[in-house]
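Colleague: File follows, target_23.pdb with PDB, C-alpha atoms:
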MODEL        1
ATOM      1  CA  MET A   1       0.000   0.000   0.000
ATOM      2  CA  GLN A   2       1.309   3.453  -0.891
ATOM      3  CA  PRO A   3       2.182   5.720   2.040
ATOM      4  CA  ARG A   4       0.104   8.830   2.685
ATOM      5  CA  LEU A   5       1.036  12.485   2.651
ATOM      6  CA  TYR A   6      -1.302  15.089   4.139
ATOM      7  CA  TYR A   7      -1.951  18.511   2.650
ATOM      8  CA  CYS A   8      -3.813  21.694   3.536
ATOM      9  CA  ASP A   9      -3.144  23.982   0.556
ATOM     10  CA  HIS A  10      -6.842  23.889  -0.378
ATOM     11  CA  HIS A  11      -7.337  26.240   2.579
ATOM     12  CA  ALA A  12      -6.091  29.332   0.757
ATOM     13  CA  ILE A  13      -5.196  32.281   2.962
ATOM     14  CA  PRO A  14      -5.771  35.874   1.810
ATOM     15  CA  LEU A  15      -2.491  37.781   1.803
ATOM     16  CA  PRO A  16      -1.689  41.307   0.650
ATOM     17  CA  ALA A  17       0.093  41.783  -2.674
ATOM     18  CA  GLY A  18       3.842  41.313  -2.383
ATOM     19  CA  HIS A  19       3.692  39.324   0.869
ATOM     20  CA  LYS A  20       6.873  37.254   1.195
ATOM     21  CA  PHE A  21       5.187  34.050   2.406
ATOM     22  CA  PRO A  22       5.362  31.598  -0.535
ATOM     23  CA  ALA A  23       1.812  30.303  -0.294
ATOM     24  CA  ALA A  24       1.869  28.975  -3.858
ATOM     25  CA  LYS A  25       4.580  26.404  -3.114
ATOM     26  CA  TYR A  26       2.233  24.113  -1.190
ATOM     27  CA  GLY A  27      -0.150  23.424  -4.050
ATOM     28  CA  LEU A  28       2.697  23.189  -6.549
ATOM     29  CA  LEU A  29       4.441  20.639  -4.334
ATOM     30  CA  ARG A  30       1.299  18.536  -4.047
ATOM     31  CA  GLU A  31       0.917  18.587  -7.834
ATOM     32  CA  ALA A  32       4.550  17.554  -8.358
ATOM     33  CA  LEU A  33       4.263  14.608  -5.977
ATOM     34  CA  ALA A  34       0.930  13.590  -7.480
ATOM     35  CA  ARG A  35       2.655  13.340 -10.856
ATOM     36  CA  ASP A  36       5.326  11.109  -9.312
ATOM     37  CA  GLY A  37       2.640   8.670  -8.194
ATOM     38  CA  GLN A  38       4.579   7.346  -5.204
ATOM     39  CA  PHE A  39       2.226   8.584  -2.471
ATOM     40  CA  ARG A  40      -1.459   8.806  -1.662
ATOM     41  CA  LEU A  41      -2.369  12.430  -1.026
ATOM     42  CA  LYS A  42      -5.015  13.138   1.589
ATOM     43  CA  PRO A  43      -6.501  16.415   2.847
ATOM     44  CA  ALA A  44      -5.673  16.911   6.509
ATOM     45  CA  ASP A  45      -8.396  17.073   9.119
ATOM     46  CA  PHE A  46      -8.526  19.950  11.588
ATOM     47  CA  ALA A  47      -6.646  19.470  14.841
ATOM     48  CA  GLY A  48      -8.748  19.569  18.007
ATOM     49  CA  ARG A  49      -8.412  22.493  20.367
ATOM     50  CA  GLU A  50      -7.815  20.242  23.375
ATOM     51  CA  LEU A  51      -4.668  18.806  21.802
ATOM     52  CA  ILE A  52      -3.390  22.246  20.832
ATOM     53  CA  GLU A  53      -3.750  23.364  24.439
ATOM     54  CA  GLU A  54      -1.384  20.600  25.545
ATOM     55  CA  ALA A  55       1.406  22.664  23.983
ATOM     56  CA  HIS A  56      -0.014  26.201  24.028
ATOM     57  CA  ASP A  57      -1.507  28.625  26.495
ATOM     58  CA  PRO A  58      -5.338  28.319  26.301
ATOM     59  CA  GLY A  59      -5.756  32.092  26.255
ATOM     60  CA  TYR A  60      -3.454  32.404  23.255
ATOM     61  CA  VAL A  61      -5.248  29.549  21.482
ATOM     62  CA  ALA A  62      -8.648  31.146  22.087
ATOM     63  CA  GLY A  63      -7.441  34.571  21.010
ATOM     64  CA  PHE A  64      -6.123  33.278  17.710
ATOM     65  CA  LEU A  65      -9.099  31.087  16.880
ATOM     66  CA  ASN A  66     -11.524  33.897  17.733
ATOM     67  CA  GLY A  67      -9.544  36.558  15.916
ATOM     68  CA  THR A  68      -9.088  38.665  19.056
ATOM     69  CA  LEU A  69      -5.289  38.663  19.448
ATOM     70  CA  ASP A  70      -3.608  42.026  19.814
ATOM     71  CA  PRO A  71      -2.555  43.306  16.357
ATOM     72  CA  ALA A  72       1.049  43.461  17.584
ATOM     73  CA  VAL A  73       0.931  39.702  18.235
ATOM     74  CA  MET A  74      -0.316  39.060  14.704
ATOM     75  CA  ARG A  75       2.432  41.299  13.293
ATOM     76  CA  ARG A  76       5.041  39.109  14.993
ATOM     77  CA  ILE A  77       3.426  36.076  13.391
ATOM     78  CA  GLY A  78       3.562  37.825  10.030
ATOM     79  CA  PHE A  79       0.031  37.214   8.764
ATOM     80  CA  PRO A  80      -3.164  39.268   8.885
ATOM     81  CA  TRP A  81      -5.791  37.312  10.810
ATOM     82  CA  SER A  82      -8.579  35.703   8.803
ATOM     83  CA  ARG A  83     -10.970  32.795   9.206
ATOM     84  CA  GLU A  84      -9.132  31.135   6.323
ATOM     85  CA  LEU A  85      -5.818  31.446   8.180
ATOM     86  CA  ALA A  86      -7.378  29.811  11.249
ATOM     87  CA  GLN A  87      -8.669  26.926   9.133
ATOM     88  CA  ARG A  88      -5.347  26.425   7.384
ATOM     89  CA  THR A  89      -3.514  26.502  10.716
ATOM     90  CA  LEU A  90      -5.772  23.811  12.172
ATOM     91  CA  ALA A  91      -5.352  21.667   9.052
ATOM     92  CA  SER A  92      -1.563  22.072   9.087
ATOM     93  CA  LEU A  93      -1.544  20.817  12.678
ATOM     94  CA  GLY A  94      -3.930  18.030  11.760
ATOM     95  CA  GLY A  95      -1.578  16.881   9.013
ATOM     96  CA  THR A  96       1.309  16.472  11.435
ATOM     97  CA  LEU A  97      -0.908  14.682  13.959
ATOM     98  CA  ALA A  98      -2.072  12.219  11.295
ATOM     99  CA  ALA A  99       1.462  11.778   9.947
ATOM    100  CA  SER A 100       2.737  10.961  13.436
ATOM    101  CA  GLU A 101       0.126   8.213  13.758
ATOM    102  CA  ASP A 102       1.145   6.853  10.356
ATOM    103  CA  ALA A 103       4.778   6.870  11.475
ATOM    104  CA  ILE A 104       4.009   4.864  14.603
ATOM    105  CA  ARG A 105       2.107   2.293  12.527
ATOM    106  CA  THR A 106       4.340   2.034   9.458
ATOM    107  CA  GLY A 107       7.620   3.802  10.197
ATOM    108  CA  PHE A 108       6.899   6.865   8.025
ATOM    109  CA  GLY A 109       4.534   9.822   8.007
ATOM    110  CA  GLY A 110       4.609  13.021   5.992
ATOM    111  CA  ASN A 111       2.920  16.408   6.022
ATOM    112  CA  LEU A 112       3.122  18.818   3.086
ATOM    113  CA  ALA A 113       2.928  21.663   5.594
ATOM    114  CA  GLY A 114       3.889  22.071   9.252
ATOM    115  CA  GLY A 115       7.328  22.544  10.697
ATOM    116  CA  THR A 116       6.053  25.660  12.485
ATOM    117  CA  HIS A 117       8.982  25.805  14.859
ATOM    118  CA  HIS A 118       8.924  29.517  15.755
ATOM    119  CA  ALA A 119       5.690  29.208  17.752
ATOM    120  CA  PHE A 120       6.187  29.410  21.523
ATOM    121  CA  ARG A 121       3.743  28.334  24.180
ATOM    122  CA  GLY A 122       2.071  31.741  24.386
ATOM    123  CA  GLU A 123       2.912  33.479  21.118
ATOM    124  CA  GLY A 124       3.796  32.926  17.499
ATOM    125  CA  ALA A 125       6.406  34.395  15.159
ATOM    126  CA  GLY A 126       7.954  33.934  11.743
ATOM    127  CA  PHE A 127       4.823  32.640   9.935
ATOM    128  CA  CYS A 128       4.196  30.137  12.764
ATOM    129  CA  VAL A 129       0.992  30.308  14.823
ATOM    130  CA  PHE A 130       1.014  26.993  16.714
ATOM    131  CA  ASN A 131       3.927  24.574  16.996
ATOM    132  CA  ASP A 132       2.809  21.406  15.220
ATOM    133  CA  LEU A 133       5.932  19.527  16.303
ATOM    134  CA  ALA A 134       5.189  20.146  19.972
ATOM    135  CA  VAL A 135       1.475  19.452  19.587
ATOM    136  CA  ALA A 136       2.153  16.105  17.895
ATOM    137  CA  ILE A 137       4.813  14.997  20.398
ATOM    138  CA  LEU A 138       2.570  15.770  23.362
ATOM    139  CA  ALA A 139      -0.427  14.128  21.678
ATOM    140  CA  LEU A 140       1.545  10.901  21.200
ATOM    141  CA  ARG A 141       2.631  11.026  24.811
ATOM    142  CA  ARG A 142      -0.910  11.663  26.036
ATOM    143  CA  ALA A 143      -2.175   8.672  24.043
ATOM    144  CA  GLY A 144       0.609   6.417  25.315
ATOM    145  CA  ARG A 145       1.929   5.973  21.778
ATOM    146  CA  ALA A 146       5.479   7.245  22.344
ATOM    147  CA  ARG A 147       7.278   9.137  25.065
ATOM    148  CA  ARG A 148      10.839   9.839  23.943
ATOM    149  CA  ALA A 149      11.002  11.970  20.823
ATOM    150  CA  ALA A 150      13.708  13.783  18.893
ATOM    151  CA  VAL A 151      13.297  16.815  16.661
ATOM    152  CA  VAL A 152      15.869  17.077  13.877
ATOM    153  CA  ASP A 153      15.388  20.651  12.686
ATOM    154  CA  LEU A 154      17.396  21.455   9.563
ATOM    155  CA  ASP A 155      15.550  24.601   8.559
ATOM    156  CA  VAL A 156      17.996  27.481   8.104
ATOM    157  CA  HIS A 157      16.310  29.335  10.983
ATOM    158  CA  GLN A 158      16.737  28.050  14.527
ATOM    159  CA  GLY A 159      13.786  26.113  15.940
ATOM    160  CA  ASP A 160      13.502  28.549  18.820
ATOM    161  CA  GLY A 161       9.892  27.878  19.780
ATOM    162  CA  THR A 162      10.414  24.119  19.867
ATOM    163  CA  ALA A 163      13.573  24.542  21.934
ATOM    164  CA  ALA A 164      11.779  26.748  24.455
ATOM    165  CA  ILE A 165       8.728  24.496  24.800
ATOM    166  CA  PHE A 166      10.878  21.433  25.505
ATOM    167  CA  ARG A 167      13.738  23.116  27.364
ATOM    168  CA  ASP A 168      13.008  21.299  30.631
ATOM    169  CA  ASP A 169      11.605  18.088  29.163
ATOM    170  CA  PRO A 170      14.102  15.226  29.569
ATOM    171  CA  ASP A 171      12.208  13.032  27.103
ATOM    172  CA  VAL A 172      12.529  15.341  24.089
ATOM    173  CA  LEU A 173      15.803  16.034  22.313
ATOM    174  CA  THR A 174      15.873  19.102  20.086
ATOM    175  CA  LEU A 175      18.583  19.437  17.445
ATOM    176  CA  SER A 176      18.688  22.656  15.450
ATOM    177  CA  MET A 177      21.254  23.185  12.700
ATOM    178  CA  HIS A 178      20.850  26.710  11.390
ATOM    179  CA  GLY A 179      22.425  29.911  10.145
ATOM    180  CA  ARG A 180      24.347  31.719  12.861
ATOM    181  CA  ASN A 181      23.448  35.211  11.686
ATOM    182  CA  ASN A 182      19.878  34.560  10.616
ATOM    183  CA  PHE A 183      16.444  34.905  12.219
ATOM    184  CA  PRO A 184      15.681  34.540  15.094
ATOM    185  CA  PHE A 185      18.329  36.981  16.209
ATOM    186  CA  ARG A 186      17.774  36.059  19.839
ATOM    187  CA  LYS A 187      18.420  32.322  19.866
ATOM    188  CA  GLN A 188      17.009  29.844  22.384
ATOM    189  CA  ARG A 189      18.956  26.866  23.712
ATOM    190  CA  SER A 190      18.174  23.576  22.005
ATOM    191  CA  ARG A 191      19.547  20.358  23.436
ATOM    192  CA  ILE A 192      21.967  20.487  20.489
ATOM    193  CA  ASP A 193      22.617  23.645  18.457
ATOM    194  CA  VAL A 194      24.877  23.796  15.414
ATOM    195  CA  ASP A 195      25.237  27.288  13.978
ATOM    196  CA  LEU A 196      26.731  27.750  10.539
ATOM    197  CA  PRO A 197      28.342  30.847   9.011
ATOM    198  CA  ASP A 198      26.854  32.730   6.096
ATOM    199  CA  GLY A 199      27.731  31.091   2.810
ATOM    200  CA  ALA A 200      28.274  27.576   4.188
ATOM    201  CA  GLY A 201      28.031  25.121   1.305
ATOM    202  CA  ASP A 202      27.372  21.447   0.782
ATOM    203  CA  GLU A 203      30.550  19.917   2.163
ATOM    204  CA  GLU A 204      30.749  22.022   5.326
ATOM    205  CA  TYR A 205      27.056  21.489   5.986
ATOM    206  CA  LEU A 206      27.070  17.743   5.403
ATOM    207  CA  ALA A 207      30.196  17.216   7.490
ATOM    208  CA  SER A 208      28.559  19.063  10.390
ATOM    209  CA  LEU A 209      25.378  17.030  10.058
ATOM    210  CA  ASP A 210      27.230  13.735   9.800
ATOM    211  CA  GLY A 211      29.102  14.603  12.990
ATOM    212  CA  VAL A 212      26.051  15.455  15.052
ATOM    213  CA  LEU A 213      23.372  12.972  13.940
ATOM    214  CA  PRO A 214      24.711  10.027  15.986
ATOM    215  CA  ARG A 215      24.038  12.038  19.156
ATOM    216  CA  VAL A 216      20.337  12.075  18.257
ATOM    217  CA  PHE A 217      20.174   8.292  18.185
ATOM    218  CA  GLU A 218      22.277   7.887  21.322
ATOM    219  CA  PHE A 219      19.270   9.541  22.992
ATOM    220  CA  ALA A 220      17.233   6.464  21.900
ATOM    221  CA  PRO A 221      14.152   8.271  20.569
ATOM    222  CA  GLU A 222      11.007   6.312  19.884
ATOM    223  CA  ILE A 223      10.132   8.685  17.039
ATOM    224  CA  VAL A 224      11.947  11.408  15.073
ATOM    225  CA  PHE A 225      10.316  14.561  13.730
ATOM    226  CA  TYR A 226      12.304  15.861  10.778
ATOM    227  CA  GLN A 227      11.748  19.563  10.138
ATOM    228  CA  SER A 228      13.034  19.563   6.578
ATOM    229  CA  GLY A 229      13.043  23.242   5.572
ATOM    230  CA  VAL A 230      14.882  23.898   2.304
ATOM    231  CA  ASP A 231      15.711  27.563   2.912
ATOM    232  CA  GLY A 232      19.409  26.689   3.085
ATOM    233  CA  LEU A 233      19.316  26.505  -0.719
ATOM    234  CA  ALA A 234      21.739  28.903  -2.411
ATOM    235  CA  GLY A 235      19.931  32.078  -3.392
ATOM    236  CA  ASP A 236      17.024  31.628  -0.995
ATOM    237  CA  ARG A 237      15.654  35.087  -0.149
ATOM    238  CA  LEU A 238      15.719  34.377   3.607
ATOM    239  CA  GLY A 239      18.489  31.809   3.789
ATOM    240  CA  ARG A 240      22.122  33.062   3.605
ATOM    241  CA  LEU A 241      23.572  29.553   3.153
ATOM    242  CA  ALA A 242      24.757  28.087  -0.163
ATOM    243  CA  LEU A 243      23.504  24.511  -0.441
ATOM    244  CA  SER A 244      22.791  22.995  -3.844
ATOM    245  CA  LEU A 245      19.758  20.904  -4.690
ATOM    246  CA  ASP A 246      22.035  17.864  -4.617
ATOM    247  CA  GLY A 247      23.422  18.902  -1.225
ATOM    248  CA  LEU A 248      19.921  19.175   0.215
ATOM    249  CA  ARG A 249      19.019  15.766  -1.131
ATOM    250  CA  ARG A 250      22.175  14.294   0.411
ATOM    251  CA  ARG A 251      21.179  15.970   3.677
ATOM    252  CA  ASP A 252      17.766  14.307   3.520
ATOM    253  CA  SER A 253      19.344  10.953   2.776
ATOM    254  CA  LEU A 254      21.646  11.200   5.807
ATOM    255  CA  VAL A 255      18.717  11.766   8.140
ATOM    256  CA  LEU A 256      16.371   9.222   6.600
ATOM    257  CA  GLU A 257      18.968   6.485   6.201
ATOM    258  CA  MET A 258      19.911   6.794   9.860
ATOM    259  CA  CYS A 259      16.263   6.635  10.950
ATOM    260  CA  HIS A 260      15.805   3.572   8.767
ATOM    261  CA  SER A 261      18.955   1.821   9.942
ATOM    262  CA  GLN A 262      18.050   2.425  13.595
ATOM    263  CA  GLY A 263      14.444   1.313  13.109
ATOM    264  CA  VAL A 264      13.074   4.649  14.363
ATOM    265  CA  PRO A 265       9.815   5.971  12.876
ATOM    266  CA  VAL A 266      10.131   9.382  11.244
ATOM    267  CA  VAL A 267       7.682  12.191  10.516
ATOM    268  CA  ILE A 268       8.630  14.702   7.822
ATOM    269  CA  THR A 269       7.290  18.239   8.100
ATOM    270  CA  LEU A 270       7.870  20.883   5.457
ATOM    271  CA  GLY A 271       9.352  24.015   6.997
ATOM    272  CA  GLY A 272      10.676  27.005   5.070
ATOM    273  CA  GLY A 273      11.757  27.617   1.522
ATOM    274  CA  TYR A 274      11.755  31.016  -0.196
ATOM    275  CA  ALA A 275      13.884  30.650  -3.328
ATOM    276  CA  GLU A 276      13.020  32.304  -6.605
ATOM    277  CA  PRO A 277      11.898  31.108  -8.998
ATOM    278  CA  ILE A 278       9.532  29.181  -6.765
ATOM    279  CA  ALA A 279      10.097  26.059  -8.869
ATOM    280  CA  ARG A 280      13.500  25.638  -7.172
ATOM    281  CA  THR A 281      11.858  25.577  -3.751
ATOM    282  CA  VAL A 282       9.225  23.112  -4.947
ATOM    283  CA  GLU A 283      11.885  20.823  -6.413
ATOM    284  CA  ALA A 284      13.887  20.872  -3.195
ATOM    285  CA  HIS A 285      10.836  20.019  -1.083
ATOM    286  CA  ALA A 286       9.741  17.293  -3.507
ATOM    287  CA  ASN A 287      13.202  15.745  -3.352
ATOM    288  CA  THR A 288      12.828  15.270   0.418
ATOM    289  CA  PHE A 289       9.781  13.080  -0.089
ATOM    290  CA  ARG A 290      11.363  11.322  -3.054
ATOM    291  CA  ALA A 291      14.270  10.428  -0.795
ATOM    292  CA  ALA A 292      11.775   9.016   1.696
ATOM    293  CA  ALA A 293      10.236   6.903  -1.064
ATOM    294  CA  GLU A 294      13.638   5.508  -1.963
ATOM    295  CA  ILE A 295      15.002   4.954   1.550
ATOM    296  CA  LEU A 296      12.090   4.307   3.881
ATOM    297  CA  CYS A 297       9.820   2.714   1.414
ATOM    298  CA  GLU A 298      10.986   0.095   0.686
ATOM    299  CA  LEU A 299       7.798   2.006   1.754
ATOM    300  CA  ARG A 300       5.797  -1.087   1.223
ATOM    301  CA  CYS A 301       7.510  -2.689   4.223
ATOM    302  CA  PRO A 302       6.962  -1.116   7.650
ATOM    303  CA  LEU A 303       9.990  -0.490   9.785
ATOM    304  CA  THR A 304      10.564  -2.685  12.780
ATOM    305  CA  ALA A 305       9.466  -0.416  15.614
ATOM    306  CA  PRO A 306      11.773  -0.129  18.611
ATOM    307  CA  SER A 307      10.664  -1.571  21.933
ATOM    308  CA  GLY A 308       8.134   0.518  23.810
ATOM    309  CA  ILE A 309       6.022   1.447  20.771
ATOM    310  CA  ALA A 310       2.623  -0.146  20.372
TER     311      ALA A 310
ENDMDL
END
Just give me the structure of the file as structure tokens.
Modeller:
Amino acid sequence: MQPRLYYCDHHAIPLPAGHKFPAAKYGLLREALARDGQFRLKPADFAGRELIEEAHDPGYVAGFLNGTLDPAVMRRIGFPWSRELAQRTLASLGGTLAASEDAIRTGFGGNLAGGTHHAFRGEGAGFCVFNDLAVAILALRRAGRARRAAVVDLDVHQGDGTAAIFRDDPDVLTLSMHGRNNFPFRKQRSRIDVDLPDGAGDEEYLASLDGVLPRVFEFAPEIVFYQSGVDGLAGDRLGRLALSLDGLRRRDSLVLEMCHSQGVPVVITLGGGYAEPIARTVEAHANTFRAAAEILCELRCPLTAPSGIA
């Protein structure tokens, strides 16, 4: 049976002309993967409010869903509030929740959205309203599906919200490998931080990743969440690194091959990507899921789950 990927691009959000959020990439990515024919594509259901409140302050959740947040809070998020934005946000979360269940059952789950790692418990930032990674990890824990989780965040921007939410949680390892001089300019402390200089290219990046990944699996996670942003691509408007498309694909292969060899289920979330033309961003994102098809799937054969996972 073909593995599933979840999408939410059918919830279009109204944005002003010239807005730098690349909303078009999500539908273009779904179309590219549909042409490949390696995955079943499924619209994501909305996440329930109760699960969101496991990771986020209930007052903040209510304020966003009701459209009553202070305008300054919405400016930090980077979007004007709309009912459509609320629906898309809930569906993006729902995609990661469903993908995490798929991963527990089969070894792999994927969301063509999510990776909203700049959302803190009581506020959002950087195009991130709620932190889908945190919501999904805490939902699995609540359901008794998995307790120890690792976040491998390879977006070019530090996963500051995820780091802050799990700072004092001994059962969650956060790895963020990001641009030293990029947003957020006030960094949080992940369990493992690797900061790279402007202009770092394929070989420097891959050597750093190869050196740090074993520490993730020494932690013995029961599930890995891979925040697979492609904004490290050379020429990305918000990136400042210099990875090639081939370098990004090699990056994906390093992560996914190690998950596969260790028998650890993995959830892929999308994260950032702002290259122009947008086709370069779409290709880079599509390559992540193509790598999953090649490495994990063997996708027709579930991974052997580690002990402790139902």
Colleague: So which one's closest to Phe219 (chain A), A:Ile192, A:Leu248, A:Ala72, A:Ala284? Using only C-alpha atoms, please.
Modeller: A:Ile192
Colleague: Report the centre and edge lengths, in Å to one decimal, of an axis-aligned box enclosing every atom of region 165-182 of chain A listed in the file, padded by 5 Å on each side, as AutoDock Vina command-line options.
Modeller:
--center_x 16.5 --center_y 24.1 --center_z 20.4 --size_x 25.6 --size_y 32.2 --size_z 30.5
Colleague: Between region 9-32 of chain A and region 100-112 of chain A, at 12 Å or less, what are the per-residue closest atom pairs and their distances in Å? Count all atoms listed in the file, order by chain and rising residue number, and return it as JSON lines.
Modeller:
{"residue": "A:Asp9", "atom": "CA", "partner": "A:Leu112", "partner_atom": "CA", "distance": 8.5}
{"residue": "A:His10", "atom": "CA", "partner": "A:Leu112", "partner_atom": "CA", "distance": 11.7}
{"residue": "A:Lys25", "atom": "CA", "partner": "A:Leu112", "partner_atom": "CA", "distance": 9.9}
{"residue": "A:Tyr26", "atom": "CA", "partner": "A:Leu112", "partner_atom": "CA", "distance": 6.9}
{"residue": "A:Gly27", "atom": "CA", "partner": "A:Leu112", "partner_atom": "CA", "distance": 9.1}
{"residue": "A:Leu28", "atom": "CA", "partner": "A:Leu112", "partner_atom": "CA", "distance": 10.6}
{"residue": "A:Leu29", "atom": "CA", "partner": "A:Leu112", "partner_atom": "CA", "distance": 7.8}
{"residue": "A:Arg30", "atom": "CA", "partner": "A:Leu112", "partner_atom": "CA", "distance": 7.4}
{"residue": "A:Glu31", "atom": "CA", "partner": "A:Leu112", "partner_atom": "CA", "distance": 11.1}
{"residue": "A:Ala32", "atom": "CA", "partner": "A:Leu112", "partner_atom": "CA", "distance": 11.6}
Colleague: Please identify all polymer residues within 8 Å of Val224 (chain A), counting all atoms listed in the file, omitting same-chain residues fewer than 6 positions from it, and present them as a PyMOL selection string.
Modeller: chain A and resi 149-152+259+264-267
Colleague: Mind checking which residues fall within 12 Å of Gly229 (chain A), counting only C-alpha atoms, ignoring those fewer than 2 positions away in the same chain, and posting them as an MDAnalysis selection string?
Modeller: chainID A and resid 112:117 152:159 176:178 226:227 231:233 236 238:239 248:249 251:252 268:275 281:282 284:288
Colleague: Run the PyMOL selection byres ((chain A and resi 37) around 12) on the file and write out the hits as number ranges by chain.
Modeller: A: 2-5, 30-36, 38-41, 289-290, 293
Colleague: Which residues match the PyMOL selection byres ((chain A and resi 94) around 7) in the file above, as a ChimeraX atom specification?
Modeller: /A:44-47,90-93,95-98
Colleague: For a test of reading the model, state the distance in Å between CA of Val135 (chain A) and CA of Phe64 (chain A), rounded to one decimal.
Modeller: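 Result for CA of Val135 (chain A) versus CA of Phe64 (chain A): 15.9 Å, one decimal.
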Colleague: Have a look at CA of Glu257 (chain A) and CA of Glu294 (chain A) and let me know their distance in Å, one decimal.
Modeller: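 Taking CA of Glu257 (chain A) as the start and CA of Glu294 (chain A) as the end point, the length is 9.8 Å.
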Colleague: Could you list, as a PDB file with C-alpha atoms, keeping the file's coordinate frame, every residue within 10 Å of Arg145 (chain A), counting all atoms listed in the file and ignoring same-chain residues fewer than 3 positions away?
Modeller:
ATOM      1  CA  SER A 100       2.737  10.961  13.436  1.00  0.00           C
ATOM      2  CA  GLU A 101       0.126   8.213  13.758  1.00  0.00           C
ATOM      3  CA  ILE A 104       4.009   4.864  14.603  1.00  0.00           C
ATOM      4  CA  ARG A 105       2.107   2.293  12.527  1.00  0.00           C
ATOM      5  CA  ILE A 137       4.813  14.997  20.398  1.00  0.00           C
ATOM      6  CA  LEU A 138       2.570  15.770  23.362  1.00  0.00           C
ATOM      7  CA  ALA A 139      -0.427  14.128  21.678  1.00  0.00           C
ATOM      8  CA  LEU A 140       1.545  10.901  21.200  1.00  0.00           C
ATOM      9  CA  ARG A 141       2.631  11.026  24.811  1.00  0.00           C
ATOM     10  CA  ARG A 142      -0.910  11.663  26.036  1.00  0.00           C
ATOM     11  CA  ARG A 148      10.839   9.839  23.943  1.00  0.00           C
ATOM     12  CA  GLU A 222      11.007   6.312  19.884  1.00  0.00           C
ATOM     13  CA  ILE A 223      10.132   8.685  17.039  1.00  0.00           C
ATOM     14  CA  GLY A 308       8.134   0.518  23.810  1.00  0.00           C
ATOM     15  CA  ILE A 309       6.022   1.447  20.771  1.00  0.00           C
ATOM     16  CA  ALA A 310       2.623  -0.146  20.372  1.00  0.00           C
TER      17      ALA A 310
END
Colleague: Suppose a student applies the PyMOL selection byres ((chain A and resi 74) around 12) to this structure; what residues should they get, written as a list of chain:residue names?
Modeller: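 Applied to this file, the PyMOL selection byres ((chain A and resi 74) around 12) selects A:Tyr60, A:Gly63, A:Phe64, A:Gly67, A:Thr68, A:Leu69, A:Asp70, A:Pro71, A:Ala72, A:Val73, A:Arg75, A:Arg76, A:Ile77, A:Gly78, A:Phe79, A:Pro80, A:Trp81, A:Ser82, A:Leu85, A:Ala119, A:Glu123, A:Gly124, A:Ala125, A:Gly126, A:Phe127, A:Cys128, A:Val129.
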Colleague: Enter the distance from CA of Gly201 (chain A) to CA of Gly18 (chain A), in Å, rounded to one decimal.
Modeller: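 A separation of 29.3 Å between them.
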Colleague: Considering only C-alpha atoms, return as a ChimeraX atom specification whatever protein or nucleic-acid residues lie within 9 Å of Pro197 (chain A), sequence-local ones (same chain, fewer than 5 positions apart) excluded.
Modeller: /A:178-181,240-241
Colleague: How close does region 181-248 of chain A get to region 162-170 of chain A? List, as CSV, each residue of region 181-248 of chain A within 8 Å, its nearest atom pair and the distance in Å to one decimal, counting all atoms listed in the file.
Modeller:
residue,atom,partner,partner_atom,distance
A:Gln188,CA,A:Ala163,CA,6.3
A:Arg189,CA,A:Ala163,CA,6.1
A:Ser190,CA,A:Ala163,CA,4.7
A:Arg191,CA,A:Ala163,CA,7.4
Colleague: Determine the nearest neighbour of Val61 (chain A) from the options A:Asn182, A:Thr174, A:Ser228, A:Asn131, counting only C-alpha atoms.
Modeller: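 Nearest candidate to Val61 (chain A) out of A:Asn182, A:Thr174, A:Ser228, A:Asn131: A:Asn131.
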Colleague: Rank A:Leu245, A:Leu173, A:Leu65, A:Leu196 by their smallest atom-to-atom distance to Arg215 (chain A), using only C-alpha atoms, and report the top residue only.
Modeller: A:Leu173
